[in-house]
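As provided, protein33.cif (mmCIF, C-alpha atoms (C1' of nucleotides)) reads as follows.
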```cif
data_run
loop_
_atom_site.label_atom_id
_atom_site.label_comp_id
_atom_site.auth_asym_id
_atom_site.auth_seq_id
_atom_site.Cartn_x
_atom_site.Cartn_y
_atom_site.Cartn_z
CA MET A 1 -8.88 -13.50 -92.10
CA ALA A 2 -8.70 -10.93 -89.34
CA LEU A 3 -5.22 -11.60 -87.99
CA GLU A 4 -3.73 -9.38 -90.69
CA HIS A 5 -6.04 -6.60 -89.63
CA ALA A 6 -5.41 -7.04 -85.94
CA ILE A 7 -1.69 -6.74 -86.72
CA LEU A 8 -2.30 -3.64 -88.83
CA VAL A 9 -4.17 -2.06 -85.92
CA SER A 10 -1.40 -2.89 -83.49
CA LEU A 11 1.32 -1.63 -85.82
CA SER A 12 -0.68 1.55 -86.47
CA GLU A 13 -0.62 2.23 -82.75
CA ARG A 14 3.13 1.70 -82.65
CA PRO A 15 5.66 -0.10 -84.90
CA ALA A 16 6.88 -3.42 -83.50
CA SER A 17 8.78 -6.61 -84.18
CA GLY A 18 7.18 -10.04 -84.40
CA PHE A 19 8.28 -10.69 -80.86
CA ASP A 20 6.74 -7.46 -79.59
CA LEU A 21 3.50 -8.26 -81.37
CA THR A 22 3.41 -11.69 -79.78
CA ARG A 23 3.60 -10.08 -76.35
CA ARG A 24 0.91 -7.56 -77.26
CA PHE A 25 -1.33 -10.38 -78.42
CA ASP A 26 -0.93 -11.94 -74.99
CA ARG A 27 -2.41 -8.76 -73.52
CA SER A 28 -4.62 -5.87 -74.71
CA ILE A 29 -5.43 -6.90 -78.29
CA GLY A 30 -5.41 -10.48 -77.07
CA PHE A 31 -8.62 -9.97 -75.09
CA PHE A 32 -10.43 -10.62 -78.32
CA TRP A 33 -7.84 -12.01 -80.67
CA SER A 34 -5.04 -14.40 -79.85
CA ALA A 35 -2.15 -15.63 -81.95
CA THR A 36 1.02 -17.63 -81.48
CA HIS A 37 4.37 -16.25 -82.57
CA GLN A 38 4.50 -18.72 -85.46
CA GLN A 39 1.35 -17.40 -86.95
CA ILE A 40 2.44 -13.82 -86.46
CA TYR A 41 5.82 -14.35 -88.16
CA ARG A 42 4.22 -16.14 -91.06
CA VAL A 43 1.52 -13.54 -91.56
CA LEU A 44 4.04 -10.68 -91.20
CA ALA A 45 6.13 -12.21 -93.99
CA ARG A 46 3.07 -12.45 -96.22
CA MET A 47 2.06 -8.91 -95.39
CA GLU A 48 5.52 -7.64 -96.25
CA ALA A 49 5.39 -9.51 -99.56
CA ASP A 50 2.00 -7.88 -100.23
CA GLY A 51 3.45 -4.45 -99.45
CA TRP A 52 1.16 -3.87 -96.45
CA VAL A 53 4.04 -3.40 -94.02
CA ARG A 54 7.69 -2.33 -94.26
CA CYS A 55 10.51 -3.97 -92.37
CA THR A 56 13.53 -2.26 -90.80
CA PRO A 57 16.26 -4.36 -89.18
CA VAL A 58 17.28 -2.84 -85.84
CA ALA A 59 20.51 -3.84 -84.12
CA GLN A 60 20.38 -3.87 -80.33
CA SER A 61 23.18 -3.70 -77.81
CA GLY A 62 23.44 -6.90 -75.82
CA ARG A 63 20.61 -8.52 -77.74
CA PRO A 64 20.03 -10.12 -81.10
CA ALA A 65 18.86 -7.77 -83.83
CA LYS A 66 15.15 -7.51 -84.46
CA LYS A 67 13.01 -6.66 -87.44
CA VAL A 68 10.72 -3.74 -86.74
CA TYR A 69 7.64 -3.47 -88.91
CA ASP A 70 5.50 -0.46 -89.66
CA VAL A 71 2.42 0.05 -91.76
CA ALA A 72 2.92 0.95 -95.44
CA PRO A 73 0.41 3.07 -97.40
CA ALA A 74 -1.10 -0.05 -98.99
CA GLY A 75 -1.58 -1.42 -95.46
CA ARG A 76 -3.37 1.74 -94.36
CA ARG A 77 -5.66 1.47 -97.39
CA GLU A 78 -6.38 -2.18 -96.64
CA LEU A 79 -7.07 -1.42 -92.99
CA SER A 80 -9.55 1.30 -93.79
CA ARG A 81 -11.19 -0.89 -96.44
CA TRP A 82 -11.60 -3.67 -93.87
CA ILE A 83 -12.97 -1.29 -91.25
CA ALA A 84 -15.72 -0.13 -93.60
CA ALA A 85 -16.54 -3.67 -94.80
CA ASP A 86 -19.36 -5.69 -93.24
CA THR A 87 -18.39 -7.79 -90.25
CA PRO A 88 -20.01 -11.22 -90.43
CA MET A 89 -21.72 -12.51 -87.29
CA GLU A 90 -19.47 -15.03 -85.69
CA GLN A 91 -20.09 -18.14 -83.64
CA PHE A 92 -18.94 -18.28 -80.08
CA ARG A 93 -17.30 -21.57 -79.15
CA SER A 94 -16.73 -23.04 -75.77
CA GLU A 95 -15.63 -26.51 -74.84
CA VAL A 96 -16.65 -25.96 -71.21
CA ALA A 97 -20.15 -25.10 -72.33
CA VAL A 98 -20.40 -28.38 -74.24
CA LYS A 99 -19.13 -30.17 -71.16
CA LEU A 100 -21.77 -28.58 -68.95
CA ARG A 101 -24.40 -30.11 -71.17
CA ALA A 102 -22.52 -33.43 -71.22
CA ALA A 103 -22.15 -33.78 -67.46
CA SER A 104 -24.84 -36.42 -67.04
CA TYR A 105 -22.95 -38.82 -69.34
CA GLY A 106 -19.88 -38.85 -67.11
CA ASP A 107 -18.48 -37.90 -63.73
CA ARG A 108 -20.49 -34.90 -62.59
CA ALA A 109 -18.17 -34.19 -59.67
CA ALA A 110 -15.26 -33.86 -62.10
CA VAL A 111 -17.25 -31.34 -64.12
CA PHE A 112 -17.95 -29.33 -60.98
CA ALA A 113 -14.24 -29.24 -60.21
CA GLN A 114 -13.49 -27.97 -63.70
CA VAL A 115 -16.21 -25.36 -63.48
CA GLU A 116 -14.76 -24.16 -60.17
CA ALA A 117 -11.30 -23.92 -61.75
CA HIS A 118 -12.58 -21.99 -64.75
CA ARG A 119 -14.58 -19.67 -62.55
CA ALA A 120 -11.50 -18.95 -60.45
CA GLU A 121 -9.42 -18.23 -63.54
CA HIS A 122 -12.06 -15.89 -64.96
CA ALA A 123 -12.35 -14.15 -61.58
CA THR A 124 -8.59 -13.59 -61.61
CA ARG A 125 -8.68 -12.12 -65.08
CA LEU A 126 -11.61 -9.96 -64.11
CA ALA A 127 -9.68 -8.53 -61.17
CA HIS A 128 -6.68 -7.92 -63.43
CA TYR A 129 -8.71 -6.10 -66.08
CA GLU A 130 -10.46 -4.03 -63.42
CA GLN A 131 -7.06 -3.00 -62.11
CA LEU A 132 -6.06 -1.91 -65.60
CA ALA A 133 -9.28 0.08 -65.95
CA ALA A 134 -8.71 1.76 -62.58
CA ASP A 135 -5.28 2.92 -63.75
CA TYR A 136 -6.84 4.87 -66.61
CA ASP A 137 -6.70 8.60 -66.85
CA PRO A 138 -9.98 9.69 -65.23
CA ALA A 139 -10.34 12.52 -67.76
CA PRO A 140 -13.13 11.95 -70.28
CA LEU A 141 -11.56 9.97 -73.08
CA THR A 142 -12.12 10.51 -76.80
CA GLY A 143 -11.01 8.99 -80.09
CA HIS A 144 -8.63 6.06 -80.01
CA ASP A 145 -8.07 6.23 -76.24
CA LEU A 146 -11.78 5.83 -75.75
CA ASP A 147 -11.83 2.86 -78.14
CA VAL A 148 -9.07 1.13 -76.23
CA HIS A 149 -10.88 1.75 -72.97
CA LEU A 150 -14.16 0.43 -74.33
CA VAL A 151 -12.51 -2.76 -75.54
CA LEU A 152 -11.14 -3.23 -72.04
CA ARG A 153 -14.69 -2.67 -70.76
CA GLY A 154 -15.74 -5.50 -73.08
CA GLY A 155 -13.09 -7.73 -71.57
CA ILE A 156 -14.40 -6.93 -68.11
CA ARG A 157 -17.99 -7.59 -69.14
CA LEU A 158 -17.00 -10.89 -70.74
CA GLU A 159 -15.16 -12.14 -67.66
CA GLN A 160 -18.12 -11.06 -65.57
CA PHE A 161 -20.37 -13.09 -67.84
CA TRP A 162 -18.28 -16.17 -67.20
CA VAL A 163 -18.12 -15.72 -63.45
CA ASP A 164 -21.87 -15.13 -63.24
CA TRP A 165 -22.83 -18.01 -65.48
CA LEU A 166 -20.56 -20.58 -63.87
CA THR A 167 -21.75 -19.43 -60.45
CA GLU A 168 -25.34 -19.88 -61.58
CA TYR A 169 -24.46 -23.36 -62.80
CA LEU A 170 -22.90 -24.42 -59.51
CA THR A 171 -25.67 -22.86 -57.44
CA ALA A 172 -28.45 -24.42 -59.48
CA HIS A 173 -26.91 -27.86 -59.25
CA THR A 174 -26.19 -27.54 -55.56
CA SER A 175 -29.79 -26.67 -54.73
CA SER A 176 -31.24 -29.25 -57.13
CA GLN A 177 -29.03 -31.84 -55.48
CA SER A 178 -30.19 -31.01 -51.97
CA ALA A 179 -33.78 -30.83 -53.23
CA SER A 180 -33.67 -34.26 -54.86
CA GLN A 181 -31.81 -35.80 -51.93
CA GLY A 182 -34.00 -34.10 -49.35
CA ALA A 183 -32.66 -30.94 -47.77
CA PRO A 184 -31.26 -31.41 -44.27
CA ALA A 185 -33.34 -29.68 -41.56
CA MET B 1 -10.88 -31.59 -80.90
CA ALA B 2 -14.26 -31.13 -79.26
CA LEU B 3 -16.53 -31.65 -82.25
CA GLU B 4 -16.38 -35.40 -81.74
CA HIS B 5 -17.49 -34.93 -78.18
CA ALA B 6 -20.23 -32.48 -79.02
CA ILE B 7 -21.54 -35.07 -81.49
CA LEU B 8 -21.31 -37.83 -78.88
CA VAL B 9 -23.36 -35.68 -76.50
CA SER B 10 -25.99 -35.00 -79.14
CA LEU B 11 -26.20 -38.63 -80.20
CA SER B 12 -26.42 -39.69 -76.55
CA GLU B 13 -29.48 -37.51 -76.20
CA ARG B 14 -31.02 -39.09 -79.30
CA PRO B 15 -29.65 -40.98 -82.33
CA ALA B 16 -29.53 -38.94 -85.51
CA SER B 17 -28.27 -38.72 -89.08
CA GLY B 18 -25.61 -36.29 -90.23
CA PHE B 19 -28.33 -34.07 -91.57
CA ASP B 20 -30.22 -34.09 -88.26
CA LEU B 21 -27.02 -33.25 -86.42
CA THR B 22 -26.39 -30.34 -88.75
CA ARG B 23 -29.79 -28.92 -87.86
CA ARG B 24 -29.18 -29.47 -84.16
CA PHE B 25 -25.87 -27.66 -84.43
CA ASP B 26 -27.75 -24.71 -85.87
CA ARG B 27 -29.76 -24.61 -82.65
CA SER B 28 -29.35 -25.77 -79.03
CA ILE B 29 -25.86 -27.32 -79.06
CA GLY B 30 -24.92 -24.65 -81.56
CA PHE B 31 -25.14 -21.90 -78.93
CA PHE B 32 -21.64 -22.86 -77.99
CA TRP B 33 -20.43 -25.08 -80.79
CA SER B 34 -21.07 -24.71 -84.48
CA ALA B 35 -20.25 -26.97 -87.39
CA THR B 36 -21.01 -27.23 -91.07
CA HIS B 37 -22.48 -30.38 -92.55
CA GLN B 38 -19.16 -31.14 -94.25
CA GLN B 39 -17.32 -31.25 -91.01
CA ILE B 40 -20.02 -33.34 -89.37
CA TYR B 41 -20.06 -35.93 -92.16
CA ARG B 42 -16.29 -36.19 -92.15
CA VAL B 43 -16.04 -36.52 -88.39
CA LEU B 44 -18.93 -39.02 -88.27
CA ALA B 45 -17.09 -41.22 -90.77
CA ARG B 46 -13.93 -41.10 -88.67
CA MET B 47 -15.88 -41.83 -85.51
CA GLU B 48 -17.51 -44.84 -87.14
CA ALA B 49 -14.09 -46.09 -88.26
CA ASP B 50 -12.86 -45.67 -84.67
CA GLY B 51 -15.85 -47.63 -83.38
CA TRP B 52 -17.27 -44.71 -81.39
CA VAL B 53 -20.61 -44.75 -83.21
CA ARG B 54 -22.67 -47.29 -85.12
CA CYS B 55 -24.50 -46.60 -88.34
CA THR B 56 -27.93 -47.92 -89.42
CA PRO B 57 -29.25 -47.08 -92.89
CA VAL B 58 -32.91 -46.08 -92.72
CA ALA B 59 -35.09 -45.99 -95.84
CA GLN B 60 -37.75 -43.28 -95.93
CA SER B 61 -40.87 -42.97 -98.04
CA GLY B 62 -40.72 -40.04 -100.42
CA ARG B 63 -37.22 -39.08 -99.26
CA PRO B 64 -33.68 -40.24 -99.76
CA ALA B 65 -32.48 -42.85 -97.29
CA LYS B 66 -30.52 -41.61 -94.32
CA LYS B 67 -27.83 -43.07 -92.12
CA VAL B 68 -28.79 -42.94 -88.48
CA TYR B 69 -25.92 -43.02 -86.00
CA ASP B 70 -25.95 -44.00 -82.36
CA VAL B 71 -23.25 -44.15 -79.71
CA ALA B 72 -21.29 -47.41 -79.37
CA PRO B 73 -19.80 -48.58 -76.04
CA ALA B 74 -16.35 -47.27 -77.05
CA GLY B 75 -17.97 -43.90 -77.73
CA ARG B 76 -19.57 -43.87 -74.29
CA ARG B 77 -16.21 -44.63 -72.75
CA GLU B 78 -14.53 -41.88 -74.73
CA LEU B 79 -17.24 -39.41 -73.80
CA SER B 80 -16.91 -40.10 -70.10
CA ARG B 81 -13.11 -39.96 -70.36
CA TRP B 82 -13.35 -36.55 -72.03
CA ILE B 83 -15.84 -35.27 -69.46
CA ALA B 84 -13.45 -36.10 -66.61
CA ALA B 85 -10.39 -34.67 -68.42
CA ASP B 86 -9.20 -31.12 -67.79
CA THR B 87 -10.73 -28.48 -70.00
CA PRO B 88 -8.10 -25.99 -71.18
CA MET B 89 -8.93 -22.30 -70.90
CA GLU B 90 -9.84 -21.04 -74.31
CA GLN B 91 -9.43 -17.72 -76.05
CA PHE B 92 -12.47 -15.79 -77.05
CA ARG B 93 -12.23 -14.28 -80.53
CA SER B 94 -14.20 -11.49 -82.03
CA GLU B 95 -13.61 -9.62 -85.23
CA VAL B 96 -16.06 -6.89 -84.21
CA ALA B 97 -14.06 -6.31 -81.05
CA VAL B 98 -10.90 -5.81 -83.08
CA LYS B 99 -12.81 -3.43 -85.30
CA LEU B 100 -14.00 -1.37 -82.34
CA ARG B 101 -10.40 -0.76 -81.46
CA ALA B 102 -9.54 -0.05 -85.09
CA ALA B 103 -12.27 2.54 -85.68
CA SER B 104 -9.97 5.58 -85.56
CA TYR B 105 -7.97 4.25 -88.53
CA GLY B 106 -10.97 4.23 -90.83
CA ASP B 107 -14.56 5.36 -91.26
CA ARG B 108 -15.99 5.60 -87.75
CA ALA B 109 -19.53 6.07 -89.01
CA ALA B 110 -19.27 2.74 -90.85
CA VAL B 111 -18.17 1.07 -87.62
CA PHE B 112 -21.16 2.56 -85.80
CA ALA B 113 -23.48 1.13 -88.44
CA GLN B 114 -21.94 -2.30 -88.05
CA VAL B 115 -22.18 -2.11 -84.27
CA GLU B 116 -25.85 -1.20 -84.57
CA ALA B 117 -26.43 -4.15 -86.87
CA HIS B 118 -24.65 -6.57 -84.55
CA ARG B 119 -26.50 -5.23 -81.55
CA ALA B 120 -29.82 -5.73 -83.33
CA GLU B 121 -28.89 -9.28 -84.28
CA HIS B 122 -27.85 -10.12 -80.73
CA ALA B 123 -31.04 -8.56 -79.39
CA THR B 124 -33.05 -10.77 -81.74
CA ARG B 125 -31.23 -13.88 -80.59
CA LEU B 126 -31.69 -12.83 -76.99
CA ALA B 127 -35.43 -12.52 -77.47
CA HIS B 128 -35.50 -15.91 -79.18
CA TYR B 129 -33.58 -17.64 -76.39
CA GLU B 130 -35.74 -16.00 -73.76
CA GLN B 131 -38.79 -17.33 -75.56
CA LEU B 132 -37.29 -20.82 -75.46
CA ALA B 133 -36.56 -20.45 -71.75
CA ALA B 134 -40.11 -19.27 -71.07
CA ASP B 135 -41.47 -22.41 -72.75
CA TYR B 136 -39.66 -24.60 -70.23
CA ASP B 137 -41.46 -26.76 -67.73
CA PRO B 138 -41.67 -24.55 -64.63
CA ALA B 139 -41.12 -27.57 -62.35
CA PRO B 140 -37.71 -27.60 -60.68
CA LEU B 141 -35.40 -29.30 -63.12
CA THR B 142 -32.74 -31.85 -62.27
CA GLY B 143 -30.06 -33.88 -64.05
CA HIS B 144 -29.72 -33.53 -67.80
CA ASP B 145 -32.81 -31.32 -68.15
CA LEU B 146 -31.23 -28.88 -65.73
CA ASP B 147 -27.96 -28.97 -67.69
CA VAL B 148 -29.75 -28.16 -70.94
CA HIS B 149 -31.60 -25.33 -69.27
CA LEU B 150 -28.40 -23.91 -67.77
CA VAL B 151 -26.67 -23.93 -71.13
CA LEU B 152 -29.60 -21.99 -72.53
CA ARG B 153 -29.18 -19.59 -69.60
CA GLY B 154 -25.57 -19.19 -70.72
CA GLY B 155 -26.73 -18.35 -74.22
CA ILE B 156 -29.05 -15.71 -72.79
CA ARG B 157 -26.30 -14.23 -70.62
CA LEU B 158 -23.93 -14.15 -73.57
CA GLU B 159 -26.36 -12.33 -75.84
CA GLN B 160 -27.07 -9.93 -72.98
CA PHE B 161 -23.34 -9.30 -72.70
CA TRP B 162 -23.20 -8.33 -76.36
CA VAL B 163 -26.22 -6.08 -76.25
CA ASP B 164 -24.95 -4.31 -73.12
CA TRP B 165 -21.41 -3.89 -74.36
CA LEU B 166 -22.32 -2.61 -77.81
CA THR B 167 -24.82 -0.24 -76.23
CA GLU B 168 -22.11 1.05 -73.91
CA TYR B 169 -19.86 1.57 -76.92
CA LEU B 170 -22.43 3.57 -78.85
CA THR B 171 -23.45 5.60 -75.82
CA ALA B 172 -19.88 6.43 -74.83
CA HIS B 173 -19.02 7.58 -78.33
CA THR B 174 -22.19 9.58 -78.70
CA SER B 175 -21.55 11.54 -75.51
CA SER B 176 -17.83 11.97 -76.19
CA GLN B 177 -18.75 13.32 -79.61
CA SER B 178 -21.17 15.90 -78.23
CA ALA B 179 -18.70 16.73 -75.44
CA SER B 180 -15.81 17.35 -77.84
CA GLN B 181 -18.03 19.28 -80.27
CA GLY B 182 -19.67 21.27 -77.50
CA ALA B 183 -23.04 20.03 -76.27
CA PRO B 184 -26.00 22.02 -77.59
CA ALA B 185 -27.75 24.10 -74.89
"C1'" DA C 1 34.31 -24.18 -69.89
"C1'" DA C 2 29.69 -25.69 -69.63
"C1'" DC C 3 25.09 -24.71 -69.01
"C1'" DA C 4 20.77 -22.51 -68.51
"C1'" DC C 5 17.97 -18.70 -69.77
"C1'" DA C 6 15.90 -14.78 -72.29
"C1'" DG C 7 15.19 -12.39 -76.58
"C1'" DG C 8 14.47 -13.09 -81.34
"C1'" DT C 9 13.29 -15.52 -85.82
"C1'" DG C 10 11.87 -19.23 -88.48
"C1'" DC C 11 10.65 -24.20 -90.95
"C1'" DA C 12 7.78 -28.40 -91.36
"C1'" DA C 13 4.01 -31.08 -90.42
"C1'" DC C 14 -0.21 -31.49 -88.82
"C1'" DT C 15 -5.29 -30.74 -87.54
"C1'" DC C 16 -9.33 -27.96 -87.80
"C1'" DG C 17 -12.63 -25.54 -90.40
"C1'" DT C 18 -14.55 -23.32 -94.64
"C1'" DT C 19 -15.92 -23.05 -99.49
"C1'" DG C 20 -17.21 -24.72 -103.74
"C1'" DC C 21 -18.87 -28.28 -106.11
"C1'" DA C 22 -21.29 -32.94 -107.29
"C1'" DT C 23 -25.02 -36.14 -107.00
"C1'" DA C 24 -29.68 -37.79 -106.62
"C1'" DG C 25 -34.75 -38.44 -105.65
"C1'" DG C 26 -39.09 -36.18 -104.72
"C1'" DG C 27 -42.33 -32.23 -104.27
"C1'" DT C 28 -44.06 -27.67 -105.81
"C1'" DG C 29 -45.14 -23.94 -108.90
"C1'" DC C 30 -45.72 -22.07 -113.63
"C1'" DG D 1 -42.38 -30.29 -119.27
"C1'" DC D 2 -39.08 -27.57 -116.77
"C1'" DA D 3 -37.11 -24.97 -113.17
"C1'" DC D 4 -36.42 -24.83 -108.57
"C1'" DC D 5 -36.16 -26.03 -103.75
"C1'" DC D 6 -35.69 -29.51 -99.90
"C1'" DT D 7 -33.70 -33.66 -98.01
"C1'" DA D 8 -29.54 -36.23 -97.86
"C1'" DT D 9 -24.66 -37.45 -98.52
"C1'" DG D 10 -20.17 -36.69 -99.96
"C1'" DC D 11 -15.30 -35.17 -102.47
"C1'" DA D 12 -11.51 -31.89 -103.19
"C1'" DA D 13 -8.98 -27.97 -102.28
"C1'" DC D 14 -7.76 -24.45 -99.56
"C1'" DG D 15 -6.89 -21.36 -95.56
"C1'" DA D 16 -6.47 -20.82 -90.61
"C1'" DG D 17 -4.28 -22.23 -86.45
"C1'" DT D 18 -1.38 -25.37 -83.47
"C1'" DT D 19 2.66 -28.05 -82.14
"C1'" DG D 20 7.24 -29.39 -82.20
"C1'" DC D 21 11.51 -28.37 -83.29
"C1'" DA D 22 15.76 -25.65 -84.80
"C1'" DC D 23 18.84 -21.91 -84.77
"C1'" DC D 24 21.38 -17.84 -83.31
"C1'" DT D 25 23.02 -14.05 -79.91
"C1'" DG D 26 24.27 -12.50 -75.60
"C1'" DT D 27 24.13 -12.60 -70.28
"C1'" DG D 28 24.49 -14.64 -65.95
"C1'" DT D 29 25.57 -18.82 -63.10
"C1'" DT D 30 28.18 -22.61 -61.42
#
```

In structure tokens, how does this file's structure come out?
Amino acid sequence: MALEHAILVSLSERPASGFDLTRRFDRSIGFFWSATHQQIYRVLARMEADGWVRCTPVAQSGRPAKKVYDVAPAGRRELSRWIAADTPMEQFRSEVAVKLRAASYGDRAAVFAQVEAHRAEHATRLAHYEQLAADYDPAPLTGHDLDVHLVLRGGIRLEQFWVDWLTEYLTAHTSSQSASQGAPA
Amino acid sequence: MALEHAILVSLSERPASGFDLTRRFDRSIGFFWSATHQQIYRVLARMEADGWVRCTPVAQSGRPAKKVYDVAPAGRRELSRWIAADTPMEQFRSEVAVKLRAASYGDRAAVFAQVEAHRAEHATRLAHYEQLAADYDPAPLTGHDLDVHLVLRGGIRLEQFWVDWLTEYLTAHTSSQSASQGAPA
DNA sequence: AACACAGGTGCAACTCGTTGCATAGGGTGC
DNA sequence: GCACCCTATGCAACGAGTTGCACCTGTGTT
């Protein structure tokens, strides 16, 4: 039940509409928590009913009106309660990883192609995140700015993990293949 | 919908009961795919109804009888179809990561304690996986054995990612704290 | 005028996954 | 004899998350 809290964090940084939040969850926060707009709208409604957030309709020129949410006192209390509460260890899940193990029960060449594609995608993300990190103020960061930067560092490390692992996979299979087929002179 | 396929992989390696599968999902396969026994029993029943697996009741001395499943031809076909199909990019999710970003809206010391605890847990898992890897046959692996080993390598890399990142987090905040409070001479 | 497109919000139906509970035989400890 | 744990399977209810669709406003295009 962390979507509520991810939204509270995002709204604490700056008030936003459901639509804004959806875009934020496609970026920064979204490194480690994703959500569709449906889920966000539904959860926002529940949070408003619970008094965690307040809603202000905002008319826009040349655009449909939007509903801007900000964190209510009860929401701040809940956020700080959650922050202090134990975080359970969570299970990482990856369909690709299962497929790596499954390769010998199907078309191994197809698995290689998928691994290549995933590696390329992770490499792209890695480059993107590194660009973001390079744009940072070089001054020593503190407080919330430092937190945001360190989460970005996590995103970079995670993409690096993927690139390295998938590369190891492809390399290991390439050399085992040439070994078992007899390496050409 | 990858649990079916994870089960097919596991049953392809060796037939098993729901209970056996549950234990396997707490280990090896479980590095990258977890499941409770409830989910496994439910999915096994559906897979049997779909003709993907076959069930053989096996009486045991001094223990309740179990139902051993193995992969049926339709299951093998489905598995190889899935292996060749595109694997969508998936979103990584982590509540701790959200909490790192949230720290400035609550008790930062409590977050540090949780980060320490998570880092210790990941370090323990890392040591465990490295032990498993060290027990491997040193001969050059090929085929499915190589796949299994490479997935274990992924588990090791992932735990290493966590340990490194959480260490970076703690280190960065420790030095920013002493910097902003004036480092002792 | 008709249409596509972007911002903006939302319902309904579904699948996936978790939690709590139920059952039942056998072994172990007090 | 009784409580308790381990193997082994399963139901019921709920919450989390996805997918498909609907609707409305305004702008730009043809």

With the file shown as input, list the residues that the PyMOL selection byres ((chain D and resi 27) around 9) selects, as a ChimeraX atom specification. /A:62 /C:5-6 /D:26,28

Residue subset to file, keeping C-alpha atoms (C1' of nucleotides), as a compact mmCIF listing (two decimals), in the frame of the given file:
```txt
# COMPACT_ATOMS: atom_id res chain seq x y z
CA GLY A 62 23.44 -6.90 -75.82
C1' DC C 5 17.97 -18.70 -69.77
C1' DA C 6 15.90 -14.78 -72.29
C1' DG D 26 24.27 -12.50 -75.60
C1' DG D 28 24.49 -14.64 -65.95
```

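Excluding DG17 of chain C itself and any same-chain residue fewer than 6 positions from it, the protein and nucleic acid residues within 9 Å of it, counting only C-alpha atoms (C1' of nucleotides), are B:Ala35, B:Thr36, B:Gln39, D:DG15, D:DA16.
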
Using only C-alpha atoms (C1' of nucleotides), what residues lie at most 8 Å away from (-19.4, -7.6, -76.9) (file coordinates), given as an MDAnalysis selection string? (chainID A and resid 154 157:158) or (chainID B and resid 97 161:166)

*asked:* I need the output of the PyMOL selection byres ((chain B and resi 47-58) around 9) for this file as number ranges by chain; which residues are they?
replied: B: 4, 8, 11, 17, 42-46, 59-60, 65-78

Include C-alpha atoms and write out the residues we just selected as a PDB file, keeping the file's coordinate frame.
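For reference, result05.pdb as written:
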```
ATOM      1  CA  GLU B   4     -16.380 -35.400 -81.740  1.00  0.00           C
ATOM      2  CA  LEU B   8     -21.310 -37.830 -78.880  1.00  0.00           C
ATOM      3  CA  LEU B  11     -26.200 -38.630 -80.200  1.00  0.00           C
ATOM      4  CA  SER B  17     -28.270 -38.720 -89.080  1.00  0.00           C
ATOM      5  CA  ARG B  42     -16.290 -36.190 -92.150  1.00  0.00           C
ATOM      6  CA  VAL B  43     -16.040 -36.520 -88.390  1.00  0.00           C
ATOM      7  CA  LEU B  44     -18.930 -39.020 -88.270  1.00  0.00           C
ATOM      8  CA  ALA B  45     -17.090 -41.220 -90.770  1.00  0.00           C
ATOM      9  CA  ARG B  46     -13.930 -41.100 -88.670  1.00  0.00           C
ATOM     10  CA  ALA B  59     -35.090 -45.990 -95.840  1.00  0.00           C
ATOM     11  CA  GLN B  60     -37.750 -43.280 -95.930  1.00  0.00           C
ATOM     12  CA  ALA B  65     -32.480 -42.850 -97.290  1.00  0.00           C
ATOM     13  CA  LYS B  66     -30.520 -41.610 -94.320  1.00  0.00           C
ATOM     14  CA  LYS B  67     -27.830 -43.070 -92.120  1.00  0.00           C
ATOM     15  CA  VAL B  68     -28.790 -42.940 -88.480  1.00  0.00           C
ATOM     16  CA  TYR B  69     -25.920 -43.020 -86.000  1.00  0.00           C
ATOM     17  CA  ASP B  70     -25.950 -44.000 -82.360  1.00  0.00           C
ATOM     18  CA  VAL B  71     -23.250 -44.150 -79.710  1.00  0.00           C
ATOM     19  CA  ALA B  72     -21.290 -47.410 -79.370  1.00  0.00           C
ATOM     20  CA  PRO B  73     -19.800 -48.580 -76.040  1.00  0.00           C
ATOM     21  CA  ALA B  74     -16.350 -47.270 -77.050  1.00  0.00           C
ATOM     22  CA  GLY B  75     -17.970 -43.900 -77.730  1.00  0.00           C
ATOM     23  CA  ARG B  76     -19.570 -43.870 -74.290  1.00  0.00           C
ATOM     24  CA  ARG B  77     -16.210 -44.630 -72.750  1.00  0.00           C
ATOM     25  CA  GLU B  78     -14.530 -41.880 -74.730  1.00  0.00           C
TER      26      GLU B  78
END
```

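The smallest atom-to-atom distance between chain D and any of A:Arg27, A:Ile40, A:Ala134, A:Leu21, using only C-alpha atoms (C1' of nucleotides), is found for A:Ile40.
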
query = Near chain A, which residues of chain B fall within 6 Å when you count only C-alpha atoms, and what do they look like as an MDAnalysis selection string?
reply = chainID B and resid 9 32:33 80 83:84 92:94 101:102 104 106 110 142 144 147:148 176

Based on the selection just made, write C-alpha atoms of those residues as an mmCIF file, keeping the file's coordinate frame.
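Output contents, as saved in part27.cif:
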```cif
data_model
loop_
_atom_site.group_PDB
_atom_site.id
_atom_site.type_symbol
_atom_site.label_atom_id
_atom_site.label_comp_id
_atom_site.auth_asym_id
_atom_site.auth_seq_id
_atom_site.Cartn_x
_atom_site.Cartn_y
_atom_site.Cartn_z
ATOM 1 C CA VAL B 9 -23.360 -35.680 -76.500
ATOM 2 C CA PHE B 32 -21.640 -22.860 -77.990
ATOM 3 C CA TRP B 33 -20.430 -25.080 -80.790
ATOM 4 C CA SER B 80 -16.910 -40.100 -70.100
ATOM 5 C CA ILE B 83 -15.840 -35.270 -69.460
ATOM 6 C CA ALA B 84 -13.450 -36.100 -66.610
ATOM 7 C CA PHE B 92 -12.470 -15.790 -77.050
ATOM 8 C CA ARG B 93 -12.230 -14.280 -80.530
ATOM 9 C CA SER B 94 -14.200 -11.490 -82.030
ATOM 10 C CA ARG B 101 -10.400 -0.760 -81.460
ATOM 11 C CA ALA B 102 -9.540 -0.050 -85.090
ATOM 12 C CA SER B 104 -9.970 5.580 -85.560
ATOM 13 C CA GLY B 106 -10.970 4.230 -90.830
ATOM 14 C CA ALA B 110 -19.270 2.740 -90.850
ATOM 15 C CA THR B 142 -32.740 -31.850 -62.270
ATOM 16 C CA HIS B 144 -29.720 -33.530 -67.800
ATOM 17 C CA ASP B 147 -27.960 -28.970 -67.690
ATOM 18 C CA VAL B 148 -29.750 -28.160 -70.940
ATOM 19 C CA SER B 176 -17.830 11.970 -76.190
#
```
